[in-house]
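protein17.txt (compact mmCIF, C-alpha atoms)
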# COMPACT_ATOMS: atom_id res chain seq x y z
CA MET A 17 -2.18 21.75 25.54
CA THR A 18 -0.13 23.23 22.74
CA ILE A 19 3.54 22.48 22.40
CA SER A 20 5.63 25.62 21.96
CA ASP A 21 7.53 25.89 18.70
CA GLU A 22 10.74 26.13 20.69
CA LEU A 23 10.10 22.86 22.55
CA ASP A 24 9.09 21.13 19.33
CA ARG A 25 12.20 22.39 17.52
CA ARG A 26 14.50 21.29 20.35
CA PHE A 27 13.13 17.74 20.29
CA ARG A 28 13.45 17.46 16.52
CA GLU A 29 17.02 18.79 16.57
CA ALA A 30 18.00 16.42 19.39
CA ALA A 31 16.53 13.44 17.52
CA HIS A 32 18.64 14.38 14.49
CA ALA A 33 21.79 15.14 16.49
CA LEU A 34 21.58 11.80 18.35
CA ASP A 35 21.17 9.99 15.01
CA LEU A 36 17.91 8.37 16.12
CA LEU A 37 15.98 8.83 12.86
CA ASP A 38 15.45 6.42 9.98
CA VAL A 39 14.23 9.33 7.85
CA GLY A 40 14.09 13.09 8.40
CA PHE A 41 11.88 15.24 6.19
CA ASP A 42 10.89 18.85 5.66
CA VAL A 43 9.21 21.09 3.13
CA VAL A 44 11.63 23.07 0.96
CA GLU A 45 10.50 26.17 -0.93
CA SER A 46 11.49 26.45 -4.59
CA PRO A 47 10.59 28.57 -7.63
CA ILE A 48 8.42 25.71 -8.90
CA GLY A 49 6.51 25.34 -5.64
CA SER A 50 6.89 23.75 -2.21
CA LEU A 51 8.71 20.42 -2.27
CA PHE A 52 8.50 17.56 0.21
CA VAL A 53 12.09 16.37 0.80
CA ALA A 54 13.19 13.34 2.84
CA ALA A 55 16.66 11.97 3.65
CA SER A 56 17.99 8.91 5.49
CA ASP A 57 21.49 7.83 6.54
CA GLU A 58 21.86 6.34 3.06
CA GLY A 59 21.09 9.62 1.36
CA LEU A 60 18.29 11.57 -0.29
CA ALA A 61 15.23 9.30 -0.20
CA ALA A 62 12.41 11.35 -1.71
CA ILE A 63 11.41 14.61 -3.35
CA SER A 64 7.77 15.28 -4.10
CA PHE A 65 5.80 18.09 -5.67
CA ASP A 66 3.05 17.25 -3.22
CA PRO A 67 4.33 18.95 -0.05
CA LYS A 68 1.81 17.33 2.32
CA PRO A 69 3.81 14.93 4.49
CA GLU A 70 0.88 12.62 5.24
CA GLU A 71 0.99 11.42 1.63
CA HIS A 72 4.52 10.11 2.00
CA LEU A 73 5.23 8.96 5.56
CA GLU A 74 3.98 5.38 5.27
CA GLN A 75 5.90 4.76 2.06
CA LEU A 76 9.12 6.05 3.63
CA ALA A 77 8.57 3.96 6.76
CA ARG A 78 8.10 0.85 4.64
CA PHE A 79 11.57 0.90 3.12
CA ALA A 80 13.59 2.88 5.63
CA GLY A 81 12.03 2.13 9.04
CA PRO A 82 9.32 3.70 11.23
CA ARG A 83 11.35 6.46 12.85
CA VAL A 84 10.22 9.08 10.33
CA LEU A 85 10.19 12.62 11.72
CA ARG A 86 10.04 16.17 10.38
CA SER A 87 13.61 17.32 10.87
CA PRO A 88 14.76 20.37 8.92
CA LYS A 89 18.43 19.66 9.66
CA SER A 90 18.20 16.22 8.05
CA VAL A 91 17.60 17.80 4.65
CA ASP A 92 20.06 20.73 4.95
CA ALA A 93 22.42 19.38 2.27
CA THR A 94 19.57 18.74 -0.17
CA ARG A 95 18.06 22.15 0.50
CA ARG A 96 21.39 23.84 -0.21
CA GLU A 97 21.99 21.95 -3.47
CA LEU A 98 18.44 22.54 -4.66
CA ASP A 99 18.78 26.27 -3.91
CA GLU A 100 21.99 26.38 -5.94
CA TYR A 101 20.37 24.45 -8.78
CA PHE A 102 17.40 26.81 -8.96
CA GLU A 103 19.73 29.83 -8.85
CA GLY A 104 21.51 28.38 -11.90
CA LYS A 105 24.74 27.89 -9.94
CA ARG A 106 24.68 24.08 -9.91
CA ARG A 107 24.46 21.71 -12.87
CA ALA A 108 25.02 18.38 -11.11
CA PHE A 109 24.05 17.13 -7.65
CA ASP A 110 26.60 15.66 -5.26
CA LEU A 111 24.02 13.98 -3.01
CA SER A 112 24.08 10.27 -2.26
CA LEU A 113 20.72 8.62 -2.93
CA ASP A 114 18.67 6.14 -0.94
CA LEU A 115 17.07 3.85 -3.51
CA ARG A 116 16.32 0.97 -1.16
CA GLY A 117 13.28 -1.13 -1.94
CA LEU A 118 13.26 -0.44 -5.67
CA PRO A 119 13.16 -3.32 -8.20
CA THR A 120 16.20 -4.12 -10.34
CA PHE A 121 14.75 -2.82 -13.60
CA THR A 122 13.82 0.49 -11.97
CA LEU A 123 17.32 0.82 -10.49
CA SER A 124 19.01 0.23 -13.84
CA VAL A 125 16.73 2.78 -15.56
CA LEU A 126 17.35 5.36 -12.82
CA ARG A 127 21.09 4.76 -13.04
CA GLU A 128 21.00 5.61 -16.77
CA LEU A 129 18.67 8.54 -16.11
CA GLY A 130 21.23 9.99 -13.67
CA ARG A 131 23.75 10.16 -16.56
CA VAL A 132 21.61 12.47 -18.74
CA PRO A 133 23.49 15.79 -18.55
CA TYR A 134 22.12 19.17 -17.50
CA GLY A 135 20.46 21.04 -20.35
CA GLU A 136 20.13 17.96 -22.56
CA THR A 137 17.31 15.49 -23.12
CA THR A 138 16.91 11.86 -24.05
CA THR A 139 13.87 9.78 -25.03
CA TYR A 140 11.99 6.99 -23.31
CA GLY A 141 13.05 4.60 -26.08
CA ALA A 142 16.71 5.60 -25.86
CA LEU A 143 16.74 4.96 -22.11
CA ALA A 144 15.06 1.61 -22.69
CA GLY A 145 17.78 0.71 -25.18
CA LYS A 146 20.52 1.70 -22.73
CA VAL A 147 19.25 -0.80 -20.16
CA GLY A 148 19.03 -3.55 -22.78
CA HIS A 149 15.27 -3.55 -23.33
CA PRO A 150 14.82 -1.44 -26.49
CA ARG A 151 11.09 -2.16 -26.70
CA ALA A 152 10.39 -1.21 -23.08
CA ALA A 153 9.80 2.52 -23.66
CA ARG A 154 6.43 2.30 -21.94
CA ALA A 155 7.92 0.59 -18.87
CA VAL A 156 10.55 3.33 -18.76
CA GLY A 157 7.70 5.85 -18.79
CA THR A 158 6.21 4.14 -15.76
CA VAL A 159 9.56 4.31 -13.94
CA MET A 160 9.74 8.05 -14.74
CA ASN A 161 6.20 8.53 -13.49
CA ARG A 162 7.03 6.83 -10.17
CA ASN A 163 10.49 8.41 -9.81
CA ARG A 164 10.92 8.92 -6.05
CA ILE A 165 13.58 11.60 -6.46
CA PRO A 166 12.60 13.92 -9.33
CA ILE A 167 14.78 16.95 -10.22
CA VAL A 168 17.89 15.21 -8.79
CA LEU A 169 17.15 12.12 -10.87
CA PRO A 170 16.22 14.22 -13.90
CA CYS A 171 13.12 12.60 -15.38
CA HIS A 172 12.24 16.07 -16.70
CA ARG A 173 15.04 15.50 -19.25
CA VAL A 174 13.18 12.60 -20.87
CA VAL A 175 10.91 13.50 -23.82
CA GLY A 176 9.04 11.70 -26.58
CA ALA A 177 10.76 10.45 -29.74
CA ASP A 178 9.11 13.31 -31.68
CA GLY A 179 10.42 15.90 -29.22
CA SER A 180 7.07 16.37 -27.46
CA LEU A 181 7.26 16.79 -23.70
CA VAL A 182 4.77 13.92 -23.14
CA GLY A 183 4.12 14.26 -19.40
CA TYR A 184 5.50 14.80 -15.92
CA GLY A 185 4.56 13.44 -12.51
CA GLY A 186 4.60 16.92 -10.99
CA GLY A 187 2.57 18.45 -13.86
CA LEU A 188 3.75 19.46 -17.32
CA ASP A 189 4.18 23.14 -16.32
CA LYS A 190 6.94 22.10 -13.92
CA LYS A 191 8.73 20.09 -16.60
CA VAL A 192 8.61 23.18 -18.83
CA LYS A 193 10.06 25.39 -16.09
CA LEU A 194 12.89 22.96 -15.31
CA LEU A 195 13.82 22.66 -19.00
CA GLU A 196 13.66 26.45 -19.34
CA LEU A 197 15.91 26.85 -16.32
CA GLU A 198 18.42 24.48 -17.95
CA GLY A 199 18.19 26.38 -21.24
CA TRP A 200 16.79 23.49 -23.30
CA LEU A 201 13.50 25.27 -23.93
CA MET B 1 15.82 -7.16 -1.82
CA THR B 2 15.70 -4.84 1.15
CA LYS B 3 13.76 -6.04 4.17
CA MET B 4 10.39 -4.32 4.25
CA HIS B 5 9.35 -2.95 7.59
CA ASP B 6 6.11 -3.70 9.39
CA VAL B 7 3.71 -0.96 8.34
CA THR B 8 1.37 -1.48 11.27
CA ILE B 9 3.62 0.73 13.41
CA PRO B 10 2.76 4.33 12.52
CA PRO B 11 5.56 6.60 11.30
CA PHE B 12 7.02 8.29 14.40
CA GLU B 13 5.79 11.72 13.26
CA ARG B 14 2.18 10.58 13.63
CA PHE B 15 2.83 8.93 17.01
CA TYR B 16 4.55 12.11 18.25
CA GLU B 17 1.83 14.45 16.99
CA HIS B 18 -0.84 12.24 18.46
CA HIS B 19 0.57 11.94 22.00
CA ARG B 20 2.75 15.00 22.59
CA ALA B 21 0.03 17.20 24.10
CA GLU B 22 -1.01 14.56 26.61
CA VAL B 23 2.60 13.78 27.51
CA LEU B 24 3.36 17.45 28.12
CA ARG B 25 0.20 17.80 30.22
CA LEU B 26 1.22 14.86 32.40
CA LEU B 27 4.76 16.17 32.84
CA ARG B 28 3.61 19.70 33.72
CA ARG B 29 1.29 18.27 36.33
CA ARG B 30 4.11 16.22 37.88
CA LEU B 31 7.06 18.55 37.46
CA GLY B 32 5.78 22.07 36.85
CA ALA B 33 6.11 24.00 33.61
CA ASP B 34 9.84 24.75 33.95
CA ARG B 35 11.10 21.21 34.33
CA ALA B 36 8.47 19.65 32.07
CA ASP B 37 10.24 20.79 28.89
CA ASP B 38 13.41 18.78 29.51
CA ALA B 39 11.37 15.78 30.58
CA PHE B 40 9.25 16.09 27.42
CA GLN B 41 12.35 15.85 25.25
CA GLU B 42 13.73 12.95 27.30
CA THR B 43 10.42 11.06 27.04
CA PHE B 44 10.23 11.22 23.25
CA LEU B 45 13.94 10.52 22.80
CA ARG B 46 13.54 7.36 24.92
CA ALA B 47 10.50 6.42 22.84
CA LEU B 48 12.41 7.07 19.61
CA GLN B 49 15.26 4.87 20.80
CA ALA B 50 12.95 1.88 21.22
CA TYR B 51 10.53 2.64 18.40
CA ALA B 52 12.29 0.61 15.70
CA ARG B 53 12.07 -2.49 17.92
CA LEU B 54 8.32 -2.25 18.55
CA ASP B 55 6.66 -5.36 17.23
CA HIS B 56 3.09 -4.13 17.28
CA SER B 57 1.31 -0.81 17.51
CA GLU B 58 -1.19 -1.56 20.28
CA HIS B 59 -1.08 0.37 23.54
CA LEU B 60 1.29 3.03 22.24
CA ARG B 61 -0.48 5.61 24.42
CA ALA B 62 -0.02 3.56 27.61
CA TRP B 63 3.57 2.88 26.62
CA VAL B 64 4.55 6.53 26.08
CA LEU B 65 2.70 7.67 29.22
CA THR B 66 4.61 5.07 31.24
CA ILE B 67 7.86 6.39 29.79
CA ALA B 68 6.77 9.93 30.73
CA ARG B 69 5.89 8.89 34.30
CA ASN B 70 9.26 7.25 34.73
CA VAL B 71 11.11 10.24 33.29
CA ALA B 72 9.19 12.38 35.81
CA ILE B 73 10.13 10.02 38.65
CA ASP B 74 13.80 10.22 37.63
CA ALA B 75 13.60 14.02 37.58
CA GLN B 76 11.97 14.10 40.99
CA ARG B 77 14.56 11.72 42.44
CA ARG B 78 17.34 13.93 41.17
CA SER B 79 15.92 17.03 42.80
CA ARG B 80 14.36 15.50 45.93
CA PRO B 81 16.21 12.39 47.04
CA THR B 82 13.94 11.94 50.05
CA ALA B 83 11.06 9.85 51.26
CA GLU B 84 8.77 12.29 49.50
CA ALA B 85 10.11 11.23 46.11
CA VAL B 86 9.39 7.60 46.84
CA GLU B 87 5.85 8.54 47.73
CA ILE B 88 5.40 10.48 44.49
CA ALA B 89 6.95 7.58 42.57
CA ALA B 90 4.43 5.19 44.03
CA GLU B 91 1.59 7.44 43.03
CA ASP B 92 3.00 8.07 39.54
CA ALA B 93 3.46 4.45 38.71
CA ARG B 94 -0.20 3.61 39.21
CA PRO B 95 -1.05 1.44 36.20
CA ALA B 96 -3.33 2.71 33.51
CA TYR B 97 -4.60 -0.83 33.05
CA GLU B 98 -7.58 -0.82 35.37
CA GLU B 99 -8.23 -4.55 35.63
CA LEU B 100 -4.78 -5.16 36.98
CA ALA B 101 -4.91 -2.22 39.37
CA PRO B 102 -6.51 -3.95 42.34
CA LEU B 103 -4.28 -6.98 41.83
CA THR B 104 -1.01 -5.07 41.64
CA ASP B 105 -1.79 -2.49 44.28
CA GLY B 106 0.83 -2.52 46.95
CA LEU B 107 3.67 -3.65 44.71
CA PRO B 108 6.71 -1.37 44.61
CA PRO B 109 6.26 1.11 41.69
CA THR B 110 8.84 -0.39 39.32
CA GLU B 111 7.56 -3.92 39.81
CA ARG B 112 4.00 -2.80 39.40
CA ALA B 113 4.74 -0.94 36.16
CA ALA B 114 6.69 -3.97 34.86
CA VAL B 115 3.91 -6.44 35.70
CA VAL B 116 1.24 -4.22 34.17
CA LEU B 117 3.17 -3.62 30.94
CA ARG B 118 4.04 -7.30 30.63
CA TYR B 119 0.72 -8.91 31.49
CA GLY B 120 -1.68 -6.02 30.97
CA TYR B 121 -0.27 -4.78 27.69
CA ASP B 122 1.69 -7.83 26.56
CA LEU B 123 4.79 -5.75 25.82
CA PRO B 124 8.17 -7.46 25.32
CA TYR B 125 10.89 -6.85 27.90
CA ASP B 126 12.98 -4.51 25.78
CA GLN B 127 10.04 -2.11 25.46
CA ILE B 128 9.27 -2.39 29.17
CA ALA B 129 12.94 -1.62 29.77
CA VAL B 130 12.64 1.65 27.82
CA ALA B 131 9.53 2.62 29.75
CA LEU B 132 11.29 1.90 33.04
CA GLY B 133 14.60 3.42 31.97
CA SER B 134 16.38 0.14 32.77
CA SER B 135 17.97 -2.79 30.95
CA SER B 136 15.94 -5.66 29.48
CA ASP B 137 17.32 -7.97 32.16
CA ALA B 138 16.28 -5.56 34.90
CA ALA B 139 12.79 -5.32 33.38
CA ARG B 140 12.50 -9.11 33.30
CA GLN B 141 13.77 -9.27 36.89
CA ALA B 142 11.28 -6.62 38.08
CA THR B 143 8.43 -8.48 36.40
CA SER B 144 9.28 -11.86 37.90
CA THR B 145 9.93 -10.39 41.35
CA GLY B 146 6.58 -8.62 41.15
CA VAL B 147 4.78 -11.79 40.09
CA ARG B 148 6.47 -13.80 42.85
CA ARG B 149 5.47 -11.18 45.38
CA LEU B 150 1.86 -11.33 44.15
CA ARG B 151 1.82 -15.12 44.36
CA THR B 152 2.96 -15.16 47.95
CA ARG B 153 0.05 -13.00 48.99
CA ARG B 154 -2.42 -14.41 46.49
CA THR B 155 -6.05 -14.34 47.44
CA PRO B 156 -8.87 -16.45 45.96
CA GLY B 157 -10.13 -15.09 42.67
CA HIS B 158 -6.79 -13.53 41.80
CA ASP B 159 -4.91 -16.68 40.92
CA HIS B 160 -5.23 -16.39 37.16
CA LEU B 161 -2.02 -14.45 36.78
Before anything else, please render the file you have as structure tokens.
Amino acid sequence: MTISDELDRRFREAAHALDLLDVGFDVVESPIGSLFVAASDEGLAAISFDPKPEEHLEQLARFAGPRVLRSPKSVDATRRELDEYFEGKRRAFDLSLDLRGLPTFTLSVLRELGRVPYGETTTYGALAGKVGHPRAARAVGTVMNRNRIPIVLPCHRVVGADGSLVGYGGGLDKKVKLLELEGWL
Amino acid sequence: MTKMHDVTIPPFERFYEHHRAEVLRLLRRRLGADRADDAFQETFLRALQAYARLDHSEHLRAWVLTIARNVAIDAQRRSRPTAEAVEIAAEDARPAYEELAPLTDGLPPTERAAVVLRYGYDLPYDQIAVALGSSSDAARQATSTGVRRLRTRRTPGHDHL
């Protein structure tokens, strides 16, 4: 028996309205491809360039709780801010972030990363220095690679000491597009 | 460090996708297509309410179908507060756990569902409460009343409960 879209939508909206979800997620369209986006009561919990939910649900359940459901309304605020960002109308995000479950070093690196302004870049080594571990550039690279909330936590603004783009979790072409959008490239 | 959650319980999205067709089928059979939609929503909202307290992921199908049956019974009681509803309730609450069926036959529907979920599926009382649409205390009460009732009419070969 197939569930009608209407019935499915009503259940998902009720679950959100009654505040019964640990995490709500949806796929958000963007100029650099479909994005998986997930938010909890604490804030934005994940953005991924891999839009297939099955890749992310267990990880979300592990730190936020098992009531993980596709719920377009849960990510409305994120969708709006991302739209504005991609239209060039927004240079900073006002979203609260859910960084539960992350180790202390990762949190301190992400905190510094969040301070790198729109249209500017920093280096892995410089970020390492800011968190008091100047020789930990490689560890900073790992944190960037595992960044749960790319775009909003702008790991695309981190480049090599020689100015090379180095790499990007979502693929180097996406890093190029984001830096072009921000006018750095 | 944040408390990590038990990963053996599937994310609700998977649970919902896995069982929604069967739940809707059951509700349409009991209530007709028109009233099944509201009952469908009620069933999964009740399940969602209790989902974070689940302590293992066994018998999720039996659990959600019991919730659905009880939502259907509630809907039937609201629209037909007559002897007919009681009859339907008795039929609806027939346990899915076959080994306990002959033993619990003849118990009132709520007690039978409680006994089956407790001893057949080993569910804690707060989850039984969600399935029955009652409080934890009421679920515990229904279970013990059911067991007491079974004991008083116990027959040889059935005394392992």
request  = Kindly provide, as a PyMOL selection string, the residues of chain B having any atom no farther than 10 Å from an atom of chain A, counting only C-alpha atoms.
outcome  = chain B and resi 1-17+20-25+37-38+40-46+48-54
query = Can you tell me, as a count of residues only, which residues sit within 6 Å of (10.8, 18.0, -0.9) in the file's frame, using only C-alpha atoms?
reply = 7
task = With a distance cut-off of 8 Å and all atoms listed in the file, select the neighbouring residues of range 140-148 of chain A, excluding the residue or stretch itself and same-chain residues fewer than 4 positions from it, and output the selection as a list of chain:residue names.
result =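 The filter keeps A:Ser124, A:Val125, A:Glu128, A:Leu129, A:Ala152, A:Ala153, A:Arg154, A:Val156, A:Gly157, A:Val174, A:Val175, A:Gly176, A:Ala177.
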request  = Give me, please, the distance in Å between CA of Ala155 in chain A and CA of Leu181 in chain A, quoted to one decimal.
outcome  =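 About the pair CA of Ala155 in chain A and CA of Leu181 in chain A: they are 16.9 Å apart.
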key: Expected answer as a ChimeraX atom specification: all residues with atoms within 10 Å of (10.9, 0.9, 27.6), only C-alpha atoms   = /B:46-47,49-51,54,63-64,66-67,70,114,117,123-136,139
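Atom to atom, CA of Ala61 in chain A and CA of His32 in chain A stand 15.9 Å apart.
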key: Computed interatomic separation between CA of Leu113 in chain A and CA of Glu58 in chain A (Å)   = 6.5 Å
From the structure just shown, export range 141-175 of chain A with C-alpha atoms as a compact mmCIF listing (two decimals), in the first residue's frame.
# COMPACT_ATOMS: atom_id res chain seq x y z
CA GLY A 141 48.98 26.46 9.61
CA ALA A 142 47.52 29.83 10.60
CA LEU A 143 44.42 28.15 12.05
CA ALA A 144 46.65 25.70 13.91
CA GLY A 145 48.56 28.62 15.40
CA LYS A 146 45.35 30.34 16.48
CA VAL A 147 44.34 27.32 18.57
CA GLY A 148 47.79 27.13 20.16
CA HIS A 149 49.17 24.19 18.19
CA PRO A 150 51.27 25.83 15.45
CA ARG A 151 52.63 22.51 14.19
CA ALA A 152 49.20 20.86 13.91
CA ALA A 153 48.41 22.01 10.35
CA ARG A 154 47.77 18.42 9.29
CA ALA A 155 45.35 17.82 12.19
CA VAL A 156 43.55 21.03 11.19
CA GLY A 157 43.28 19.60 7.68
CA THR A 158 41.60 16.52 9.11
CA VAL A 159 39.12 18.69 11.03
CA MET A 160 38.33 20.56 7.78
CA ASN A 161 37.87 17.29 5.95
CA ARG A 162 35.38 16.04 8.57
CA ASN A 163 33.63 19.40 9.02
CA ARG A 164 29.98 18.49 9.68
CA ILE A 165 28.67 21.90 8.64
CA PRO A 166 30.55 23.07 5.53
CA ILE A 167 29.64 26.38 3.83
CA VAL A 168 28.31 27.79 7.15
CA LEU A 169 31.55 26.81 8.89
CA PRO A 170 33.64 28.00 5.96
CA CYS A 171 36.33 25.37 5.46
CA HIS A 172 36.36 26.46 1.80
CA ARG A 173 38.19 29.59 3.04
CA VAL A 174 41.20 27.56 4.18
CA VAL A 175 44.01 27.14 1.62
